[in-house]
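Participant: Below is the file query-v7.txt, with compact mmCIF, C-alpha atoms.
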# COMPACT_ATOMS: atom_id res chain seq x y z
CA MET L 62 5.28 -32.18 17.99
CA ASN L 63 2.60 -31.53 15.39
CA ILE L 64 3.21 -28.58 13.06
CA ALA L 65 1.56 -26.81 10.14
CA VAL L 66 3.79 -25.79 7.22
CA LEU L 67 2.65 -22.53 5.62
CA ILE L 68 3.38 -21.68 1.97
CA THR L 69 2.00 -19.27 -0.61
CA VAL L 70 2.75 -19.59 -4.31
CA PHE L 71 2.18 -17.87 -7.61
CA ASN L 72 3.50 -19.97 -10.49
CA ARG L 73 7.07 -21.35 -10.02
CA LYS L 74 5.59 -24.85 -10.29
CA GLU L 75 8.92 -26.67 -10.48
CA LYS L 76 10.39 -24.82 -7.52
CA THR L 77 7.29 -25.49 -5.43
CA ILE L 78 7.45 -29.23 -6.13
CA ALA L 79 11.18 -29.29 -5.35
CA CYS L 80 10.55 -27.46 -2.09
CA LEU L 81 7.85 -29.88 -0.96
CA ARG L 82 9.86 -32.93 -2.03
CA SER L 83 12.82 -31.70 0.00
CA LEU L 84 10.54 -31.27 3.00
CA GLU L 85 9.28 -34.82 2.60
CA GLU L 86 12.63 -36.48 1.83
CA THR L 87 14.64 -34.82 4.60
CA HIS L 88 11.93 -35.69 7.12
CA ARG L 89 12.09 -39.33 6.03
CA ARG L 90 15.90 -39.51 6.07
CA ALA L 91 16.09 -37.80 9.47
CA GLY L 92 13.62 -40.28 10.94
CA SER L 93 11.92 -37.34 12.61
CA THR L 94 8.92 -37.96 14.87
CA ILE L 95 7.57 -34.48 14.11
CA LYS L 96 4.20 -34.68 12.39
CA TYR L 97 3.29 -32.07 9.81
CA ALA L 98 0.68 -30.98 7.31
CA VAL L 99 1.10 -28.38 4.57
CA TYR L 100 -1.27 -25.45 4.00
CA LEU L 101 -0.50 -23.95 0.61
CA THR L 102 -2.25 -20.94 -0.91
CA ASP L 103 -2.21 -20.92 -4.71
CA ASP L 104 -2.83 -17.27 -5.51
CA GLY L 105 -4.10 -17.67 -9.05
CA SER L 106 -1.18 -19.53 -10.67
CA THR L 107 -1.41 -19.81 -14.44
CA ASP L 108 1.26 -22.48 -14.97
CA GLY L 109 -0.75 -25.46 -13.71
CA THR L 110 0.73 -25.38 -10.20
CA ARG L 111 -2.47 -26.53 -8.49
CA GLU L 112 -2.98 -29.44 -10.88
CA ALA L 113 0.67 -30.52 -10.71
CA LEU L 114 0.68 -30.52 -6.92
CA SER L 115 -2.52 -32.55 -6.79
CA GLU L 116 -0.86 -35.26 -8.91
CA GLN L 117 2.34 -35.61 -6.84
CA GLY L 118 1.11 -38.08 -4.23
CA PHE L 119 2.95 -36.57 -1.28
CA ALA L 120 3.18 -38.60 1.92
CA PHE L 121 1.90 -35.67 3.99
CA ASP L 122 -1.51 -33.99 4.07
CA LEU L 123 -1.52 -31.15 1.54
CA HIS L 124 -4.26 -28.55 1.78
CA ILE L 125 -4.33 -26.42 -1.39
CA LEU L 126 -6.18 -23.19 -0.72
CA PRO L 127 -7.44 -20.75 -3.36
CA GLY L 128 -6.32 -17.13 -3.29
CA THR L 129 -7.87 -14.04 -4.81
CA GLY L 130 -5.06 -13.53 -7.32
CA SER L 131 -3.84 -10.38 -5.56
CA LEU L 132 -2.75 -11.58 -2.12
CA TYR L 133 1.01 -11.29 -2.71
CA TRP L 134 3.31 -13.00 -0.19
CA ASN L 135 1.98 -11.51 3.03
CA GLY L 136 -1.67 -11.99 2.14
CA GLY L 137 -1.09 -15.51 0.88
CA MET L 138 0.72 -16.47 4.07
CA ILE L 139 -2.14 -15.03 6.13
CA ASN L 140 -4.57 -17.15 4.11
CA SER L 141 -2.55 -20.32 4.76
CA TRP L 142 -1.90 -19.46 8.42
CA GLN L 143 -5.53 -18.70 9.22
CA ALA L 144 -6.65 -21.97 7.63
CA ALA L 145 -4.17 -23.89 9.82
CA VAL L 146 -5.23 -22.03 12.96
CA ASP L 147 -8.88 -22.76 12.17
CA CYS L 148 -8.09 -26.48 11.94
CA GLY L 149 -6.45 -26.32 15.38
CA GLY L 150 -4.25 -28.76 17.26
CA TYR L 151 -0.85 -27.52 16.06
CA ASP L 152 2.15 -26.93 18.33
CA GLY L 153 3.57 -24.42 15.90
CA TYR L 154 3.71 -23.10 12.36
CA LEU L 155 6.56 -23.20 9.85
CA TRP L 156 6.91 -20.38 7.34
CA LEU L 157 8.43 -21.87 4.18
CA ASN L 158 9.16 -20.10 0.90
CA ASN L 159 8.58 -22.16 -2.20
CA ASP L 160 12.02 -21.25 -3.59
CA THR L 161 13.67 -22.85 -0.54
CA THR L 162 14.77 -26.48 -0.28
CA VAL L 163 14.98 -27.98 3.20
CA LEU L 164 18.19 -29.55 4.53
CA GLU L 165 18.12 -32.59 6.82
CA PRO L 166 19.55 -30.86 9.96
CA PHE L 167 16.43 -28.71 10.09
CA TRP L 168 14.33 -31.44 11.69
CA SER L 169 16.65 -32.23 14.60
CA ASN L 170 17.47 -28.53 15.05
CA LEU L 171 13.77 -27.70 15.32
CA ALA L 172 13.12 -30.27 18.03
CA GLU L 173 16.26 -29.22 19.93
CA ALA L 174 15.45 -25.52 19.63
CA ASP L 175 11.98 -26.00 21.08
CA ALA L 176 13.29 -28.03 24.01
CA PHE L 177 16.07 -25.46 24.59
CA ALA L 178 13.66 -22.52 24.52
CA ARG L 179 11.24 -24.09 26.97
CA GLN L 180 14.01 -25.10 29.36
CA THR L 181 15.88 -21.79 29.12
CA TYR L 182 13.11 -19.23 28.72
CA GLY L 183 10.09 -21.10 30.06
CA ARG L 184 8.10 -20.96 26.82
CA GLY L 185 8.30 -21.60 23.11
CA GLY L 186 9.56 -18.96 20.74
CA ILE L 187 10.54 -18.41 17.13
CA TYR L 188 13.30 -20.57 15.64
CA VAL L 189 15.00 -19.20 12.55
CA GLY L 190 16.44 -21.50 9.92
CA SER L 191 19.33 -19.89 8.05
CA THR L 192 19.65 -20.53 4.31
CA ARG L 193 22.62 -20.57 1.97
CA ASP L 194 23.04 -20.33 -1.77
CA ALA L 195 23.13 -23.83 -3.29
CA HIS L 196 25.84 -22.85 -5.80
CA THR L 197 28.18 -20.63 -3.78
CA GLY L 198 27.47 -21.88 -0.25
CA GLU L 199 27.18 -18.28 0.89
CA PHE L 200 24.66 -17.20 3.53
CA SER L 201 21.44 -15.85 1.99
CA TYR L 202 18.65 -15.42 4.61
CA GLY L 203 18.12 -15.82 8.34
CA GLY L 204 18.10 -13.89 11.61
CA PHE L 205 19.69 -10.52 12.26
CA ASN L 206 20.15 -7.73 14.80
CA PHE L 207 19.82 -4.00 14.29
CA THR L 208 23.18 -2.44 15.10
CA ASN L 209 22.11 1.17 14.51
CA ARG L 210 18.60 2.25 15.44
CA LEU L 211 18.90 5.46 13.43
CA THR L 212 19.90 3.96 10.07
CA LEU L 213 18.57 0.44 10.86
CA LYS L 214 21.88 -1.01 9.76
CA ASP L 215 21.75 -4.71 10.58
CA GLN L 216 24.06 -7.67 11.04
CA PHE L 217 23.17 -11.28 10.37
CA VAL L 218 23.51 -13.87 13.14
CA MET L 219 25.26 -16.80 11.50
CA PRO L 220 24.72 -20.45 12.45
CA ASP L 221 27.84 -21.84 14.11
CA GLY L 222 26.93 -25.54 14.23
CA GLN L 223 27.02 -25.65 18.02
CA HIS L 224 24.76 -23.07 19.66
CA PHE L 225 21.31 -21.56 19.44
CA ARG L 226 21.99 -17.83 19.06
CA GLU L 227 19.56 -15.02 19.86
CA CYS L 228 18.48 -12.44 17.30
CA GLN L 229 16.00 -9.58 17.10
CA CYS L 230 14.45 -10.03 13.67
CA ALA L 231 14.28 -12.60 10.88
CA HIS L 232 13.36 -13.49 7.33
CA GLY L 233 10.54 -15.95 6.81
CA ASN L 234 12.15 -18.31 4.31
CA ILE L 235 12.21 -21.22 6.78
CA THR L 236 11.17 -20.03 10.23
CA PHE L 237 9.14 -21.76 12.92
CA VAL L 238 6.67 -19.96 15.21
CA SER L 239 5.52 -21.83 18.30
CA ALA L 240 1.90 -21.85 19.37
CA ASP L 241 2.91 -19.91 22.50
CA VAL L 242 3.78 -16.93 20.31
CA VAL L 243 0.64 -17.20 18.18
CA GLU L 244 -1.55 -17.39 21.29
CA LYS L 245 -0.37 -13.92 22.32
CA MET L 246 0.43 -12.24 18.99
CA GLY L 247 -1.93 -13.83 16.49
CA ILE L 248 -0.73 -14.11 12.91
CA PHE L 249 0.75 -11.67 10.36
CA TYR L 250 -0.49 -8.09 10.34
CA ASP L 251 -2.71 -7.68 7.29
CA GLY L 252 -1.64 -4.12 6.45
CA TYR L 253 1.47 -5.24 4.59
CA ILE L 254 1.57 -5.87 0.85
CA HIS L 255 3.89 -8.62 -0.36
CA GLY L 256 6.87 -8.73 2.07
CA ALA L 257 7.77 -7.25 5.49
CA GLY L 258 5.25 -9.24 7.51
CA ASP L 259 8.01 -11.60 8.63
CA HIS L 260 10.27 -8.77 9.82
CA ASP L 261 7.41 -7.05 11.61
CA TYR L 262 6.21 -10.22 13.32
CA THR L 263 9.62 -11.44 14.52
CA TYR L 264 10.72 -8.02 15.74
CA ARG L 265 7.49 -7.45 17.66
CA ALA L 266 7.79 -10.94 19.16
CA TRP L 267 11.30 -10.05 20.30
CA ARG L 268 9.97 -6.86 21.86
CA SER L 269 7.40 -9.02 23.67
CA HIS L 270 10.30 -11.01 25.16
CA PHE L 271 9.80 -14.22 23.23
CA PRO L 272 13.06 -16.02 22.43
CA ILE L 273 14.05 -15.57 18.78
CA LEU L 274 16.70 -18.19 18.15
CA VAL L 275 18.86 -18.92 15.12
CA MET L 276 19.14 -22.69 14.70
CA LYS L 277 22.55 -24.33 15.04
CA ASP L 278 22.93 -25.47 11.43
CA TYR L 279 21.82 -24.29 8.03
CA ALA L 280 18.20 -25.32 7.55
CA GLY L 281 17.79 -24.80 3.83
CA GLU L 282 19.11 -23.57 0.52
CA CYS L 283 17.76 -20.47 -1.18
CA GLU L 284 19.23 -17.95 -3.60
CA ASN L 285 19.26 -14.37 -2.32
CA ASP L 286 17.18 -12.44 -4.85
CA HIS L 287 17.00 -9.30 -2.68
CA THR L 288 20.63 -8.26 -2.88
CA PHE L 289 21.14 -4.52 -2.98
CA LYS L 290 21.66 -3.16 -6.48
CA ASP L 291 23.64 -0.07 -7.42
CA GLY L 292 20.49 1.58 -8.79
CA ASN L 293 21.63 1.87 -12.42
CA SER L 294 18.31 0.64 -13.81
CA PHE L 295 16.39 2.87 -11.40
CA ARG L 296 18.44 5.90 -12.41
CA GLY L 297 17.73 5.12 -16.05
CA MET L 298 13.98 5.53 -15.54
CA ASN L 299 12.14 8.81 -15.93
CA LEU L 300 10.57 10.41 -12.85
CA ARG L 301 7.13 8.89 -13.40
CA GLN L 302 8.65 5.42 -13.76
CA ARG L 303 10.79 5.86 -10.65
CA ILE L 304 7.75 6.84 -8.55
CA ALA L 305 5.81 3.84 -9.89
CA HIS L 306 8.72 1.51 -9.13
CA MET L 307 9.05 2.92 -5.63
CA LYS L 308 5.38 2.21 -4.90
CA SER L 309 5.20 -1.20 -6.60
CA PRO L 310 5.03 -4.33 -4.37
CA PHE L 311 7.72 -5.80 -6.65
CA GLY L 312 9.79 -2.64 -6.62
CA TYR L 313 10.85 -0.73 -3.51
CA ASN L 314 7.42 -1.31 -1.92
CA PHE L 315 7.40 2.07 -0.20
CA HIS L 316 4.06 1.34 1.49
CA ASN L 317 5.60 -1.54 3.45
CA THR L 318 8.71 0.45 4.31
CA LEU L 319 6.66 3.28 5.81
CA LEU L 320 4.31 0.92 7.61
CA PHE L 321 7.22 -0.92 9.20
CA GLN L 322 8.62 2.38 10.47
CA LYS L 323 5.25 3.48 11.80
CA ARG L 324 4.69 0.26 13.72
CA ASN L 325 8.21 -0.28 15.02
CA PHE L 326 10.40 2.82 14.66
CA PRO L 327 7.95 5.75 14.46
CA TYR L 328 10.68 8.36 15.02
CA ARG L 329 12.13 7.39 11.62
CA TYR L 330 8.85 7.75 9.69
CA PRO L 331 9.18 11.39 8.49
CA PHE L 332 12.82 10.93 7.50
CA VAL L 333 12.10 7.74 5.57
CA TRP L 334 9.15 9.41 3.80
CA VAL L 335 11.34 12.32 2.70
CA ALA L 336 14.20 9.99 1.71
CA GLY L 337 11.86 7.91 -0.46
CA TYR L 338 10.85 10.84 -2.62
CA MET L 339 14.37 12.24 -2.61
CA LYS L 340 15.46 8.91 -4.10
CA CYS L 341 13.05 9.51 -6.98
CA LEU L 342 14.20 13.09 -7.53
CA PHE L 343 17.94 12.60 -6.99
CA PRO L 344 18.64 8.84 -7.34
CA GLY L 345 22.40 9.11 -7.87
CA LEU L 346 22.92 11.18 -4.74
CA MET L 347 20.64 9.01 -2.61
CA PHE L 348 22.25 5.72 -3.67
CA ARG L 349 25.69 7.09 -2.82
CA LEU L 350 24.37 8.26 0.55
CA TYR L 351 22.80 4.85 1.18
CA HIS L 352 26.12 3.10 0.54
CA LEU L 353 27.84 5.53 2.92
CA LEU L 354 25.34 4.97 5.74
CA ARG L 355 25.39 1.17 5.37
CA SER L 356 29.17 0.86 5.23
Can you present the structure in this file as C-alpha cells?
Facilitator:
Amino acid sequence: MNIAVLITVFNRKEKTIACLRSLEETHRRAGSTIKYAVYLTDDGSTDGTREALSEQGFAFDLHILPGTGSLYWNGGMINSWQAAVDCGGYDGYLWLNNDTTVLEPFWSNLAEADAFARQTYGRGGIYVGSTRDAHTGEFSYGGFNFTNRLTLKDQFVMPDGQHFRECQCAHGNITFVSADVVEKMGIFYDGYIHGAGDHDYTYRAWRSHFPILVMKDYAGECENDHTFKDGNSFRGMNLRQRIAHMKSPFGYNFHNTLLFQKRNFPYRYPFVWVAGYMKCLFPGLMFRLYHLLRS
C-alpha cells in the first residue's frame, strides 16, 4: 500500500515535528510495509516551521507546500490533498492533525482495516483512528453515530481492541480515506472555513454506502481542545462581541454550522439559524437549553 499523509499547519512548530517523528518512529518499529509520503501545507507560519522542518532529515519524502495565509484547516487540507492527487499513484490518503502523535498499532490496524473492508464490503472505505489524551488516557476524537436526527446528539464508537466497528461520521485527526472513496467523492468541499470538512466528507461517504470503520485500537494521542464550555466567557461579552465570536472561524464558526445543515440536514437549517442568533441575544437561556437537549 502506498499512501499520502495530509497535514496543514500554522505555527506550532514543536508539535508538528513531534507529530512527524511519531509517524516515522512508529512506522519503523512496526516494521510496516506501507509506503508513505507527507504533503504538508504551511499556511504562513511565523515561528520558523518551514525552516525547522526542512532541517529535520526525515526518512520519508516531505513535500512542504505554501499556503495563502488564510486557508485555515479545511483550506490547508484541500491544498495538501490536491497536491497529492495531482502526483497520483496513491492507494489512499491519511488526514493527520499536527497536534496528534501516532501510536504503533495504527500501522497494522490500517492494513487490516483495508483488507477487512475489501473482503466484507467489496471496496475500500474510510478507516477512523481514535485518539486519547496522553495525560488522562481518556478518549478524545474518533468516529461517532448520530443518535437523534433532530438535535444531532451523537455517541462515539469506541475502539474495543478486537473488532472494526461501523460509524456514520468522524473527526479527521488521524483518518484514512481509500482511493475508492476519492474516485467517487473527490476531496473536501471547499465551502467550509476552518473545520467541518471532515464531518461533512465522512457523513456523505457513509450516505454513499462506503464502509466507515473505527480501527480496533487507539491510533494516536491528542488532547481534546473542543470540549463544550459552560459559556461563561461568551455570556460576559457584549452583544457585538458575541456576534463576532459566533461568526469567527475560531469561535462558534456559524458559517460552517449552517453549511453542514444545508448540505446534510436541510430540515434543521432554519431552526439552527434562529438558535444561533438567540444564543447571542439570550446566552444564559440557550446554554441551559443546549445542556438539556444533549443530556
Participant: Identify which of the residues L:Asp122, L:Asp261, L:Glu244, L:Asp104 lies closest to Val146 in chain L, counting only C-alpha atoms when measuring atom-to-atom distances.
Facilitator: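 Under the stated criterion, the closest residue is L:Glu244.
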Participant: Distance CA of Gln223 in chain L-CA of Ala79 in chain L, one decimal place?
Facilitator: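 Distance reported for this atom pair: 28.5 Å.
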Participant: Could you work out how far CA of Ile95 in chain L lies from CA of Phe119 in chain L, giving the answer in Å with one decimal?
Facilitator: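 So the answer is 16.2 Å.
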Participant: Would you mind listing what lies within 12 Å of Tyr330 in chain L as a PyMOL selection string, with all atoms listed in the file counted and same-chain residues fewer than 4 positions away left out?
Facilitator: chain L and resi 211-212+315-326+334-337
Participant: Looking at only C-alpha atoms, which of L:Thr197, L:Asn299, L:Asn293, L:Asn72 is the one that sits closest to Glu112 in chain L?
Facilitator: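 Residue with the minimum atom-to-atom distance to Glu112 in chain L: L:Asn72.
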Participant: From the set L:Phe217, L:Phe205, L:Tyr133, L:Tyr100, which residue has the shortest atom-to-atom contact distance to Gly252 in chain L, counting only C-alpha atoms?
Facilitator: L:Tyr133
Participant: So which one's closest to His232 in chain L, L:Val189, L:Ala91, L:Leu353, L:Leu81? Using all atoms listed in the file, please.
Facilitator: L:Val189
Participant: What's the separation between CA of Glu199 in chain L and CA of His260 in chain L, in Å to one decimal place?
Facilitator: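 If I compute the distance from CA of Glu199 in chain L to CA of His260 in chain L, I get 21.4 Å.
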Participant: Produce the centre coordinates and the three edge lengths, each in Å to one decimal, of the box along x, y and z that contains all listed atoms of range 268-286 of chain L with 3 Å added on each side, as JSON.
Facilitator:
{"center_x": 15.2, "center_y": -16.2, "center_z": 10.2, "size_x": 21.5, "size_y": 24.6, "size_z": 36.0}
Participant: Tell me, as number ranges by chain, which residues lie within 9 Å of Trp267 in chain L, counting all atoms listed in the file; anything in the same chain fewer than 5 positions away does not count.
Facilitator: L: 187, 228-230, 262, 272-273
Participant: L:Ala65, L:Ala280, L:Ala176, L:Met138: which is nearest Gly222 in chain L, counting all atoms listed in the file?
Facilitator: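 Under the stated criterion, the closest residue is L:Ala280.
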Participant: Which is closer to Thr129 in chain L than all the others in L:Asp103, L:Asp241, L:Glu227, L:Glu282, using only C-alpha atoms?
Facilitator: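 Nearest to Thr129 in chain L: L:Asp103.
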Participant: Can you check which parts of range 263-336 of chain L lie within 8 Å of range 157-171 of chain L? Per residue, the shortest pair of atoms and distance in Å to one decimal, counting only C-alpha atoms, sorted by chain and number, as CSV.
Facilitator:
residue,atom,partner,partner_atom,distance
L:Met276,CA,L:Asn170,CA,6.1
L:Lys277,CA,L:Asn170,CA,6.6
L:Asp278,CA,L:Pro166,CA,6.5
L:Tyr279,CA,L:Pro166,CA,7.2
L:Ala280,CA,L:Phe167,CA,4.6
L:Gly281,CA,L:Val163,CA,4.3
L:Glu282,CA,L:Thr162,CA,5.3
L:Cys283,CA,L:Thr161,CA,4.8
L:Glu284,CA,L:Asp160,CA,7.9
Participant: Taking the block just given, write range 223-234 of chain L to a file that holds all heavy atoms, as a tab-separated table (two decimals), in the first residue's frame.
Facilitator:
chain	number	residue	atom	x	y	z
L	223	GLN	N	-10.60	-5.42	19.43
L	223	GLN	CA	-10.85	-6.70	18.78
L	223	GLN	C	-11.56	-6.58	17.43
L	223	GLN	O	-11.32	-7.41	16.55
L	223	GLN	CB	-11.70	-7.59	19.70
L	223	GLN	CG	-11.03	-7.96	21.00
L	223	GLN	CD	-11.92	-8.86	21.86
L	223	GLN	OE1	-13.11	-8.97	21.64
L	223	GLN	NE2	-11.32	-9.50	22.85
L	224	HIS	N	-12.42	-5.58	17.28
L	224	HIS	CA	-13.27	-5.53	16.09
L	224	HIS	C	-13.15	-4.18	15.37
L	224	HIS	O	-12.83	-3.17	15.99
L	224	HIS	CB	-14.74	-5.73	16.48
L	224	HIS	CG	-15.01	-6.97	17.26
L	224	HIS	ND1	-15.09	-6.98	18.65
L	224	HIS	CD2	-15.19	-8.26	16.86
L	224	HIS	CE1	-15.31	-8.20	19.06
L	224	HIS	NE2	-15.38	-9.01	18.01
L	225	PHE	N	-13.43	-4.22	14.07
L	225	PHE	CA	-13.63	-3.00	13.31
L	225	PHE	C	-15.12	-2.67	13.42
L	225	PHE	O	-15.96	-3.48	13.04
L	225	PHE	CB	-13.23	-3.17	11.84
L	225	PHE	CG	-11.76	-3.43	11.68
L	225	PHE	CD1	-11.31	-4.70	11.31
L	225	PHE	CD2	-10.82	-2.44	11.90
L	225	PHE	CE1	-9.96	-4.97	11.16
L	225	PHE	CE2	-9.47	-2.70	11.76
L	225	PHE	CZ	-9.03	-3.96	11.38
L	226	ARG	N	-15.43	-1.48	13.93
L	226	ARG	CA	-16.82	-1.12	14.22
L	226	ARG	C	-17.27	0.00	13.29
L	226	ARG	O	-16.55	0.97	13.04
L	226	ARG	CB	-16.96	-0.69	15.68
L	226	ARG	CG	-16.40	-1.73	16.66
L	226	ARG	CD	-16.50	-1.26	18.09
L	226	ARG	NE	-17.91	-1.17	18.50
L	226	ARG	CZ	-18.31	-0.59	19.64
L	226	ARG	NH1	-17.43	-0.02	20.44
L	226	ARG	NH2	-19.59	-0.56	19.95
L	227	GLU	N	-18.48	-0.12	12.76
L	227	GLU	CA	-19.00	0.86	11.83
L	227	GLU	C	-19.42	2.14	12.55
L	227	GLU	O	-19.84	2.12	13.70
L	227	GLU	CB	-20.21	0.29	11.08
L	227	GLU	CG	-19.89	-0.89	10.19
L	227	GLU	CD	-21.12	-1.39	9.44
L	227	GLU	OE1	-22.24	-0.88	9.71
L	227	GLU	OE2	-20.97	-2.28	8.58
L	228	CYS	N	-19.29	3.26	11.84
L	228	CYS	CA	-19.80	4.54	12.34
L	228	CYS	C	-20.31	5.36	11.16
L	228	CYS	O	-20.09	4.99	10.00
L	228	CYS	CB	-18.74	5.30	13.13
L	228	CYS	SG	-17.32	5.86	12.15
L	229	GLN	N	-20.96	6.46	11.45
L	229	GLN	CA	-21.56	7.30	10.42
L	229	GLN	C	-20.71	8.52	10.08
L	229	GLN	O	-20.83	9.06	8.97
L	229	GLN	CB	-22.94	7.79	10.88
L	229	GLN	CG	-23.96	6.70	11.13
L	229	GLN	CD	-25.23	7.26	11.75
L	229	GLN	OE1	-25.26	8.39	12.25
L	229	GLN	NE2	-26.28	6.47	11.72
L	230	CYS	N	-19.92	8.97	11.01
L	230	CYS	CA	-19.24	10.26	10.86
L	230	CYS	C	-17.96	10.24	11.68
L	230	CYS	O	-17.82	9.40	12.59
L	230	CYS	CB	-20.19	11.37	11.35
L	230	CYS	SG	-19.80	13.04	10.78
L	231	ALA	N	-17.02	11.13	11.38
L	231	ALA	CA	-15.73	11.04	12.08
L	231	ALA	C	-14.99	12.35	12.07
L	231	ALA	O	-15.17	13.21	11.20
L	231	ALA	CB	-14.86	9.95	11.44
L	232	HIS	N	-14.11	12.50	13.07
L	232	HIS	CA	-13.13	13.57	13.10
L	232	HIS	C	-11.95	13.20	12.20
L	232	HIS	O	-11.70	12.02	11.95
L	232	HIS	CB	-12.62	13.80	14.52
L	232	HIS	CG	-13.67	14.29	15.47
L	232	HIS	ND1	-14.20	13.50	16.46
L	232	HIS	CD2	-14.30	15.49	15.56
L	232	HIS	CE1	-15.09	14.19	17.14
L	232	HIS	NE2	-15.19	15.39	16.61
L	233	GLY	N	-11.21	14.22	11.79
L	233	GLY	CA	-10.11	13.99	10.87
L	233	GLY	C	-8.74	14.02	11.50
L	233	GLY	O	-7.74	14.27	10.81
L	234	ASN	N	-8.64	13.76	12.80
L	234	ASN	CA	-7.33	13.84	13.46
L	234	ASN	C	-6.35	12.82	12.94
L	234	ASN	O	-5.17	13.12	12.75
L	234	ASN	CB	-7.50	13.66	14.97
L	234	ASN	CG	-8.33	14.76	15.58
L	234	ASN	OD1	-9.51	14.89	15.28
L	234	ASN	ND2	-7.72	15.58	16.41
